$ cat work-v6.csv   # CSV, C-alpha atoms
chain,number,residue,atom,x,y,z
U,1,MET,CA,112.3,79.7,93.5
U,2,CYS,CA,112.7,80.7,97.1
U,3,HIS,CA,114.6,78.9,99.8
U,4,THR,CA,112.7,76.7,102.2
U,5,GLU,CA,114.9,76.7,105.3
U,6,PRO,CA,113.2,79.6,107.1
U,7,VAL,CA,115.5,79.9,110.1
U,8,LYS,CA,118.6,80.1,108.0
U,9,VAL,CA,117.0,82.5,105.5
U,10,GLN,CA,115.7,84.7,108.3
U,11,GLU,CA,119.3,84.9,109.7
U,12,GLN,CA,120.6,85.8,106.3
U,13,LYS,CA,118.0,88.5,105.9
U,14,SER,CA,118.7,90.0,109.3
U,15,ARG,CA,122.5,90.2,108.5
U,16,LEU,CA,121.8,91.7,105.1
U,17,ARG,CA,119.5,94.4,106.5
U,18,GLN,CA,122.4,95.5,108.8
U,19,ARG,CA,124.8,95.4,105.8
U,20,MET,CA,122.5,97.6,103.8
U,21,GLN,CA,122.0,100.0,106.7
U,22,ASN,CA,125.8,100.4,106.9
U,23,ARG,CA,126.2,100.9,103.2
U,24,ILE,CA,123.6,103.6,103.1
U,25,GLN,CA,125.1,105.4,106.1
U,26,ARG,CA,128.4,105.5,104.3
U,27,MET,CA,126.9,107.5,101.4
U,28,THR,CA,127.9,111.1,101.2
U,29,ARG,CA,125.3,113.8,101.1
U,30,GLU,CA,126.3,114.4,97.4
U,31,GLU,CA,125.7,110.8,96.5
U,32,TYR,CA,122.4,110.7,98.4
U,33,THR,CA,121.2,113.8,96.5
U,34,GLN,CA,122.5,112.7,93.1
U,35,GLU,CA,121.0,109.2,93.4
U,36,SER,CA,117.7,110.6,94.6
U,37,LEU,CA,117.5,113.0,91.6
U,38,SER,CA,118.4,110.1,89.3
U,39,VAL,CA,115.6,108.0,90.7
U,40,CYS,CA,113.1,110.8,90.3
U,41,GLU,CA,114.1,111.4,86.7
U,42,GLN,CA,113.9,107.7,85.8
U,43,LEU,CA,110.4,107.6,87.3
U,44,ARG,CA,109.3,110.7,85.3
U,45,CYS,CA,110.2,108.8,82.2
U,46,LEU,CA,108.5,105.6,83.3
U,47,LEU,CA,105.2,106.7,84.8
U,48,PRO,CA,102.3,107.6,82.6
U,49,GLN,CA,102.1,111.1,81.3
U,50,HIS,CA,98.4,111.3,82.2
U,51,ALA,CA,97.0,111.6,85.7
U,52,CYS,CA,96.3,108.2,87.3
U,53,ALA,CA,96.4,106.6,90.8
U,54,ILE,CA,99.8,105.8,92.3
U,55,ALA,CA,100.8,104.3,95.6
U,56,ALA,CA,104.0,105.8,97.1
U,57,PHE,CA,105.7,106.3,100.4
U,58,THR,CA,107.2,109.1,102.4
U,59,PRO,CA,110.9,108.2,102.4
U,60,PHE,CA,112.9,107.7,105.5
U,61,SER,CA,116.4,109.3,105.6
U,62,THR,CA,117.8,106.0,104.4
U,63,GLU,CA,115.7,105.9,101.2
U,64,PRO,CA,115.9,107.9,98.0
U,65,ASP,CA,114.1,111.2,98.4
U,66,ILE,CA,111.2,111.0,96.0
U,67,THR,CA,109.2,113.7,97.6
U,68,PRO,CA,109.9,116.4,94.9
U,69,LEU,CA,108.5,114.0,92.3
U,70,LEU,CA,105.5,113.1,94.4
U,71,HIS,CA,104.7,116.8,94.8
U,72,GLU,CA,105.0,117.3,91.0
U,73,LEU,CA,102.6,114.4,90.4
U,74,GLN,CA,100.0,115.8,92.8
U,75,GLN,CA,100.3,119.2,91.0
U,76,GLN,CA,99.6,117.3,87.7
U,77,HIS,CA,96.4,115.8,89.3
U,78,PHE,CA,97.8,112.3,89.9
U,79,THR,CA,96.2,110.8,93.0
U,80,VAL,CA,99.1,109.8,95.2
U,81,TYR,CA,98.2,107.3,98.0
U,82,PHE,CA,100.4,107.0,101.0
U,83,PRO,CA,100.8,104.1,103.5
U,84,GLN,CA,99.0,103.9,106.8
U,85,TRP,CA,99.2,101.1,109.3
U,86,ASN,CA,95.9,99.9,110.8
U,87,ASN,CA,96.4,97.2,113.5
U,88,GLY,CA,99.5,95.9,111.7
U,89,ASP,CA,97.7,96.0,108.3
U,90,LEU,CA,99.1,98.2,105.5
U,91,ARG,CA,96.6,100.3,103.8
U,92,PHE,CA,96.9,103.3,101.4
U,93,SER,CA,94.9,106.5,101.3
U,94,ALA,CA,95.1,110.0,99.7
U,95,GLY,CA,94.1,112.2,102.6
U,96,ASP,CA,90.8,110.6,103.9
U,97,LYS,CA,90.2,108.9,100.5
U,98,PRO,CA,91.0,105.1,100.8
U,99,LEU,CA,92.7,103.4,97.8
U,100,ASN,CA,90.5,101.6,95.3
U,101,PRO,CA,92.7,98.7,94.2
U,102,GLN,CA,91.0,98.6,90.8
U,103,LEU,CA,92.3,102.1,90.0
U,104,LEU,CA,95.9,101.7,91.0
U,105,THR,CA,98.3,101.6,88.1
U,106,HIS,CA,101.7,101.8,89.8
U,107,ALA,CA,103.1,101.3,93.3
U,108,LEU,CA,106.5,102.7,94.4
U,109,VAL,CA,107.9,100.2,96.9
U,110,PRO,CA,110.7,100.9,99.4
U,111,GLY,CA,113.1,98.1,100.4
U,112,ARG,CA,116.4,97.4,102.1
U,113,ALA,CA,117.9,95.5,99.1
U,114,PHE,CA,116.9,94.3,95.6
U,115,ASP,CA,118.4,91.9,93.1
U,116,ALA,CA,118.3,91.4,89.3
U,117,SER,CA,115.4,88.9,89.6
U,118,ASN,CA,113.4,91.7,91.2
U,119,ARG,CA,113.4,90.1,94.6
U,120,ARG,CA,113.0,92.6,97.5
U,121,LEU,CA,114.2,92.6,101.0
U,122,GLY,CA,112.0,94.7,103.2
U,123,ARG,CA,112.3,95.8,106.9
U,124,GLY,CA,111.2,92.3,108.1
U,125,GLN,CA,107.6,92.7,109.1
U,126,GLY,CA,106.0,91.5,105.8
U,127,HIS,CA,103.7,94.5,105.5
U,128,TYR,CA,104.5,95.2,101.9
U,129,ASP,CA,104.6,91.5,100.9
U,130,ARG,CA,101.1,91.0,102.2
U,131,TRP,CA,99.8,94.2,100.6
U,132,ILE,CA,101.4,93.4,97.2
U,133,ARG,CA,99.8,89.9,97.2
U,134,LYS,CA,96.4,91.4,98.0
U,135,GLN,CA,96.7,94.1,95.4
U,136,ARG,CA,97.8,91.7,92.7
U,137,LEU,CA,94.7,89.6,93.4
U,138,ALA,CA,92.5,92.7,93.2
U,139,ASN,CA,94.2,94.2,90.2
U,140,PRO,CA,96.9,92.1,88.3
U,141,GLN,CA,97.7,95.1,86.1
U,142,THR,CA,99.3,97.1,88.9
U,143,GLN,CA,103.0,97.6,88.3
U,144,PHE,CA,105.2,97.4,91.4
U,145,ILE,CA,108.4,99.4,91.2
U,146,GLY,CA,111.2,99.1,93.8
U,147,ILE,CA,113.0,102.3,94.7
U,148,ALA,CA,116.6,102.1,95.8
U,149,PHE,CA,120.1,103.5,95.9
U,150,SER,CA,122.7,101.7,93.7
U,151,CYS,CA,124.4,100.3,96.9
U,152,GLN,CA,121.2,98.4,97.6
U,153,ILE,CA,121.3,96.3,94.4
U,154,LEU,CA,122.8,92.9,94.9
U,155,SER,CA,123.4,89.8,92.9
U,156,GLU,CA,120.9,87.8,95.0
U,157,VAL,CA,118.5,88.6,97.8
U,158,PRO,CA,117.5,85.7,100.2
U,159,CYS,CA,113.9,84.8,99.5
U,160,GLU,CA,111.1,82.8,101.3
U,161,ASP,CA,107.8,81.6,99.8
U,162,HIS,CA,105.8,84.5,101.2
U,163,ASP,CA,108.2,87.1,99.6
U,164,GLN,CA,106.7,89.0,96.7
U,165,ILE,CA,108.7,89.6,93.5
U,166,ILE,CA,108.2,93.1,92.1
U,167,ASP,CA,108.0,94.1,88.4
U,168,ARG,CA,111.2,96.3,88.2
U,169,VAL,CA,113.6,98.3,90.3
U,170,ILE,CA,114.7,101.9,89.8
U,171,HIS,CA,118.0,102.9,91.4
U,172,GLY,CA,120.4,105.8,91.4
$ encode --input "work-v6.csv" --output "C-alpha cells"
Amino acid sequence: MCHTEPVKVQEQKSRLRQRMQNRIQRMTREEYTQESLSVCEQLRCLLPQHACAIAAFTPFSTEPDITPLLHELQQQHFTVYFPQWNNGDLRFSAGDKPLNPQLLTHALVPGRAFDASNRRLGRGQGHYDRWIRKQRLANPQTQFIGIAFSCQILSEVPCEDHDQIIDRVIHG
C-alpha cells in the first residue's frame, strides 16, 4: 500500500532522486560498463528466444547501457519500440510504426530507484506510470521490467497511489 500524504512523499521522492543521481555519478567507468554488461546478459536469459514486440528506451548516461542488446534483438527480428513524447503523453513506436498494445510482450522501464517490492521511482513527471497503467488495461500479459544499477536498489521506495508497481527489476 502506498502512502497518502502527497506533500511529504513528494519531498521524499525529490530528495531520493538527488541521492540516486549522486550515487550513479560516483560509479567508476569500469563499474558502469560491468553492470551494463550484466544487465544485458540477464535480459538475454529472461527475454523470449523468438522474435516478439518489446518496448525499450535509449539510455541516458546515468542508466545502464542496454543499446548493444537492443541492436542484437533488432538483428534477430524483434520489433523494438522506443518512447516518444507527444504533448506530454508517452507513446512508443518502431520507426514510423506505432505500438500495438496487444502485441507487446515485455517493456524495459528506466527508473531512478527500485525496491524489493518492485516499486519504482521515476524522474517525477509520471509519464511511465500513466503509460504502464494504460498498457496493463490494454494487455495485462505485458511484463514490465525495471532496469537499474545495483546502487539504485533500495529497501523501500516512497510510493503514492498513482505509482505503478512493475513485475521485476534487473540490475547489475
$ atom_distance --input "work-v6.csv" --atom1 "atom CA of U:Leu104" --atom2 "atom CA of U:Thr142"
6.1 Å
$ residues_around --input "work-v6.csv" --residues "U:Leu121" --least-positions-apart "4" --cutoff "8 Å" --atoms "all atoms listed in the file" --output "ChimeraX atom specification"
/U:13,17,111-114,157-159
$ residues_around --input "work-v6.csv" --residues "stretch 150-153 of chain U" --least-positions-apart "2" --cutoff "12 Å" --atoms "only C-alpha atoms" --output "PyMOL selection string"
chain U and resi 16-27+31-32+34-36+38-39+62-64+110-122+146-148+155-157+168-172
$ closest_residue --input "work-v6.csv" --among "U:Ile145, U:Ala56, U:Val9, U:Cys40" --to "U:Asp161" --atoms "all atoms listed in the file"
U:Val9
$ closest_residue --input "work-v6.csv" --among "U:Val109, U:Gln135, U:Pro140, U:Ala55" --to "U:Ala94" --atoms "all atoms listed in the file"
U:Ala55
$ residues_around --input "work-v6.csv" --residues "U:His162" --least-positions-apart "4" --cutoff "10 Å" --atoms "only C-alpha atoms" --output "compact mmCIF listing (two decimals) with C-alpha atoms, in the frame of the given file"
# COMPACT_ATOMS: atom_id res chain seq x y z
CA CYS U 2 112.70 80.70 97.10
CA GLY U 126 106.00 91.50 105.80
CA ASP U 129 104.60 91.50 100.90
CA ARG U 130 101.10 91.00 102.20
CA ARG U 133 99.80 89.90 97.20
$ residues_around --input "work-v6.csv" --residues "U:His127" --least-positions-apart "6" --cutoff "8 Å" --atoms "only C-alpha atoms" --output "compact mmCIF listing (two decimals) with C-alpha atoms, in the coordinates of the input"
# COMPACT_ATOMS: atom_id res chain seq x y z
CA GLY U 88 99.50 95.90 111.70
CA ASP U 89 97.70 96.00 108.30
CA LEU U 90 99.10 98.20 105.50
$ atom_distance --input "work-v6.csv" --atom1 "atom CA of U:Asp96" --atom2 "atom CA of U:Ala51"
19.3 Å
$ residues_around --input "work-v6.csv" --residues "stretch 79-84 of chain U" --least-positions-apart "2" --cutoff "12 Å" --atoms "only C-alpha atoms" --output "PDB file with C-alpha atoms, keeping the file's coordinate frame"
ATOM      1  CA  HIS U  50      98.400 111.300  82.200  1.00  0.00           C
ATOM      2  CA  ALA U  51      97.000 111.600  85.700  1.00  0.00           C
ATOM      3  CA  CYS U  52      96.300 108.200  87.300  1.00  0.00           C
ATOM      4  CA  ALA U  53      96.400 106.600  90.800  1.00  0.00           C
ATOM      5  CA  ILE U  54      99.800 105.800  92.300  1.00  0.00           C
ATOM      6  CA  ALA U  55     100.800 104.300  95.600  1.00  0.00           C
ATOM      7  CA  ALA U  56     104.000 105.800  97.100  1.00  0.00           C
ATOM      8  CA  PHE U  57     105.700 106.300 100.400  1.00  0.00           C
ATOM      9  CA  THR U  58     107.200 109.100 102.400  1.00  0.00           C
ATOM     10  CA  PRO U  59     110.900 108.200 102.400  1.00  0.00           C
ATOM     11  CA  THR U  67     109.200 113.700  97.600  1.00  0.00           C
ATOM     12  CA  LEU U  69     108.500 114.000  92.300  1.00  0.00           C
ATOM     13  CA  LEU U  70     105.500 113.100  94.400  1.00  0.00           C
ATOM     14  CA  HIS U  71     104.700 116.800  94.800  1.00  0.00           C
ATOM     15  CA  GLU U  72     105.000 117.300  91.000  1.00  0.00           C
ATOM     16  CA  LEU U  73     102.600 114.400  90.400  1.00  0.00           C
ATOM     17  CA  GLN U  74     100.000 115.800  92.800  1.00  0.00           C
ATOM     18  CA  GLN U  75     100.300 119.200  91.000  1.00  0.00           C
ATOM     19  CA  GLN U  76      99.600 117.300  87.700  1.00  0.00           C
ATOM     20  CA  HIS U  77      96.400 115.800  89.300  1.00  0.00           C
ATOM     21  CA  ASN U  86      95.900  99.900 110.800  1.00  0.00           C
ATOM     22  CA  ASN U  87      96.400  97.200 113.500  1.00  0.00           C
ATOM     23  CA  GLY U  88      99.500  95.900 111.700  1.00  0.00           C
ATOM     24  CA  ASP U  89      97.700  96.000 108.300  1.00  0.00           C
ATOM     25  CA  LEU U  90      99.100  98.200 105.500  1.00  0.00           C
ATOM     26  CA  ARG U  91      96.600 100.300 103.800  1.00  0.00           C
ATOM     27  CA  PHE U  92      96.900 103.300 101.400  1.00  0.00           C
ATOM     28  CA  SER U  93      94.900 106.500 101.300  1.00  0.00           C
ATOM     29  CA  ALA U  94      95.100 110.000  99.700  1.00  0.00           C
ATOM     30  CA  GLY U  95      94.100 112.200 102.600  1.00  0.00           C
ATOM     31  CA  ASP U  96      90.800 110.600 103.900  1.00  0.00           C
ATOM     32  CA  LYS U  97      90.200 108.900 100.500  1.00  0.00           C
ATOM     33  CA  PRO U  98      91.000 105.100 100.800  1.00  0.00           C
ATOM     34  CA  LEU U  99      92.700 103.400  97.800  1.00  0.00           C
ATOM     35  CA  ASN U 100      90.500 101.600  95.300  1.00  0.00           C
ATOM     36  CA  PRO U 101      92.700  98.700  94.200  1.00  0.00           C
ATOM     37  CA  LEU U 103      92.300 102.100  90.000  1.00  0.00           C
ATOM     38  CA  LEU U 104      95.900 101.700  91.000  1.00  0.00           C
ATOM     39  CA  THR U 105      98.300 101.600  88.100  1.00  0.00           C
ATOM     40  CA  HIS U 106     101.700 101.800  89.800  1.00  0.00           C
ATOM     41  CA  ALA U 107     103.100 101.300  93.300  1.00  0.00           C
ATOM     42  CA  LEU U 108     106.500 102.700  94.400  1.00  0.00           C
ATOM     43  CA  VAL U 109     107.900 100.200  96.900  1.00  0.00           C
ATOM     44  CA  PRO U 110     110.700 100.900  99.400  1.00  0.00           C
ATOM     45  CA  HIS U 127     103.700  94.500 105.500  1.00  0.00           C
ATOM     46  CA  TYR U 128     104.500  95.200 101.900  1.00  0.00           C
ATOM     47  CA  TRP U 131      99.800  94.200 100.600  1.00  0.00           C
TER      48      TRP U 131
END
$ decode --input "work-v6.csv" --residues "stretch 9-58 of chain U" --atoms "N, CA and C atoms" --output "short mmCIF file (atom, residue, chain, number, x, y, z; two decimals), in the first residue's frame"
data_model
loop_
_atom_site.label_atom_id
_atom_site.label_comp_id
_atom_site.auth_asym_id
_atom_site.auth_seq_id
_atom_site.Cartn_x
_atom_site.Cartn_y
_atom_site.Cartn_z
N VAL U 9 5.48 12.77 0.75
CA VAL U 9 6.02 11.75 -0.15
C VAL U 9 6.74 12.42 -1.32
N GLN U 10 6.19 13.49 -1.85
CA GLN U 10 6.84 14.19 -2.96
C GLN U 10 8.20 14.75 -2.54
N GLU U 11 8.30 15.25 -1.31
CA GLU U 11 9.58 15.74 -0.80
C GLU U 11 10.58 14.59 -0.66
N GLN U 12 10.11 13.44 -0.15
CA GLN U 12 10.98 12.26 -0.03
C GLN U 12 11.47 11.82 -1.40
N LYS U 13 10.58 11.81 -2.36
CA LYS U 13 10.95 11.39 -3.71
C LYS U 13 12.00 12.34 -4.31
N SER U 14 11.80 13.62 -4.12
CA SER U 14 12.73 14.61 -4.66
C SER U 14 14.13 14.43 -4.06
N ARG U 15 14.20 14.25 -2.75
CA ARG U 15 15.49 14.02 -2.09
C ARG U 15 16.13 12.71 -2.57
N LEU U 16 15.29 11.69 -2.73
CA LEU U 16 15.80 10.39 -3.17
C LEU U 16 16.33 10.45 -4.60
N ARG U 17 15.68 11.19 -5.46
CA ARG U 17 16.19 11.34 -6.83
C ARG U 17 17.59 11.95 -6.81
N GLN U 18 17.79 12.94 -5.97
CA GLN U 18 19.12 13.57 -5.88
C GLN U 18 20.15 12.59 -5.31
N ARG U 19 19.77 11.82 -4.29
CA ARG U 19 20.68 10.80 -3.74
C ARG U 19 21.08 9.79 -4.80
N MET U 20 20.11 9.34 -5.60
CA MET U 20 20.40 8.36 -6.64
C MET U 20 21.32 8.96 -7.70
N GLN U 21 21.08 10.21 -8.06
CA GLN U 21 21.95 10.88 -9.03
C GLN U 21 23.39 10.91 -8.50
N ASN U 22 23.55 11.24 -7.22
CA ASN U 22 24.89 11.29 -6.63
C ASN U 22 25.55 9.90 -6.61
N ARG U 23 24.79 8.87 -6.29
CA ARG U 23 25.33 7.51 -6.28
C ARG U 23 25.81 7.10 -7.66
N ILE U 24 25.00 7.37 -8.65
CA ILE U 24 25.35 6.98 -10.02
C ILE U 24 26.58 7.75 -10.49
N GLN U 25 26.66 9.03 -10.16
CA GLN U 25 27.81 9.83 -10.58
C GLN U 25 29.11 9.36 -9.93
N ARG U 26 29.02 8.69 -8.78
CA ARG U 26 30.21 8.18 -8.10
C ARG U 26 30.69 6.84 -8.67
N MET U 27 29.90 6.23 -9.56
CA MET U 27 30.31 4.97 -10.16
C MET U 27 31.53 5.20 -11.05
N THR U 28 32.46 4.23 -11.02
CA THR U 28 33.60 4.31 -11.93
C THR U 28 33.16 3.86 -13.32
N ARG U 29 33.95 4.16 -14.32
CA ARG U 29 33.67 3.75 -15.69
C ARG U 29 33.61 2.22 -15.76
N GLU U 30 34.51 1.57 -15.03
CA GLU U 30 34.54 0.10 -15.00
C GLU U 30 33.25 -0.47 -14.40
N GLU U 31 32.79 0.12 -13.29
CA GLU U 31 31.53 -0.33 -12.68
C GLU U 31 30.36 -0.14 -13.63
N TYR U 32 30.32 1.02 -14.29
CA TYR U 32 29.25 1.32 -15.24
C TYR U 32 29.22 0.26 -16.35
N THR U 33 30.39 -0.02 -16.91
CA THR U 33 30.48 -0.99 -18.01
C THR U 33 30.12 -2.39 -17.54
N GLN U 34 30.68 -2.80 -16.41
CA GLN U 34 30.42 -4.16 -15.91
C GLN U 34 28.94 -4.36 -15.57
N GLU U 35 28.34 -3.39 -14.92
CA GLU U 35 26.92 -3.53 -14.55
C GLU U 35 26.03 -3.48 -15.79
N SER U 36 26.38 -2.67 -16.77
CA SER U 36 25.61 -2.63 -18.01
C SER U 36 25.67 -3.98 -18.72
N LEU U 37 26.86 -4.57 -18.79
CA LEU U 37 27.01 -5.89 -19.40
C LEU U 37 26.21 -6.95 -18.65
N SER U 38 26.22 -6.87 -17.33
CA SER U 38 25.47 -7.81 -16.50
C SER U 38 23.96 -7.70 -16.77
N VAL U 39 23.46 -6.48 -16.85
CA VAL U 39 22.05 -6.26 -17.14
C VAL U 39 21.69 -6.86 -18.50
N CYS U 40 22.53 -6.61 -19.50
CA CYS U 40 22.26 -7.16 -20.84
C CYS U 40 22.24 -8.69 -20.82
N GLU U 41 23.18 -9.29 -20.12
CA GLU U 41 23.23 -10.76 -20.06
C GLU U 41 22.00 -11.33 -19.35
N GLN U 42 21.58 -10.71 -18.27
CA GLN U 42 20.38 -11.17 -17.56
C GLN U 42 19.14 -11.05 -18.45
N LEU U 43 19.07 -9.97 -19.21
CA LEU U 43 17.93 -9.79 -20.12
C LEU U 43 17.93 -10.83 -21.23
N ARG U 44 19.12 -11.16 -21.74
CA ARG U 44 19.20 -12.21 -22.77
C ARG U 44 18.59 -13.51 -22.27
N CYS U 45 18.83 -13.83 -21.01
CA CYS U 45 18.29 -15.06 -20.42
C CYS U 45 16.80 -14.96 -20.14
N LEU U 46 16.32 -13.77 -19.87
CA LEU U 46 14.93 -13.56 -19.47
C LEU U 46 13.97 -13.40 -20.65
N LEU U 47 14.40 -12.69 -21.66
CA LEU U 47 13.51 -12.39 -22.79
C LEU U 47 13.28 -13.65 -23.63
N PRO U 48 12.15 -13.70 -24.34
CA PRO U 48 11.86 -14.87 -25.19
C PRO U 48 12.95 -15.08 -26.23
N GLN U 49 13.12 -16.33 -26.63
CA GLN U 49 14.11 -16.66 -27.65
C GLN U 49 13.59 -16.41 -29.06
N HIS U 50 12.29 -16.23 -29.20
CA HIS U 50 11.69 -15.97 -30.50
C HIS U 50 11.36 -14.48 -30.63
N ALA U 51 11.33 -14.01 -31.85
CA ALA U 51 11.06 -12.60 -32.11
C ALA U 51 9.68 -12.21 -31.60
N CYS U 52 9.62 -11.07 -30.95
CA CYS U 52 8.36 -10.54 -30.43
C CYS U 52 8.49 -9.03 -30.32
N ALA U 53 7.49 -8.38 -29.76
CA ALA U 53 7.47 -6.93 -29.62
C ALA U 53 7.91 -6.54 -28.21
N ILE U 54 8.88 -5.64 -28.13
CA ILE U 54 9.44 -5.19 -26.85
C ILE U 54 9.50 -3.67 -26.85
N ALA U 55 9.07 -3.06 -25.76
CA ALA U 55 9.25 -1.62 -25.57
C ALA U 55 10.55 -1.43 -24.80
N ALA U 56 11.34 -0.47 -25.22
CA ALA U 56 12.63 -0.23 -24.57
C ALA U 56 12.84 1.28 -24.45
N PHE U 57 14.06 1.66 -24.20
CA PHE U 57 14.41 3.07 -24.10
C PHE U 57 15.86 3.23 -24.52
N THR U 58 16.19 4.41 -25.01
CA THR U 58 17.59 4.74 -25.28
C THR U 58 18.14 5.32 -23.98
#
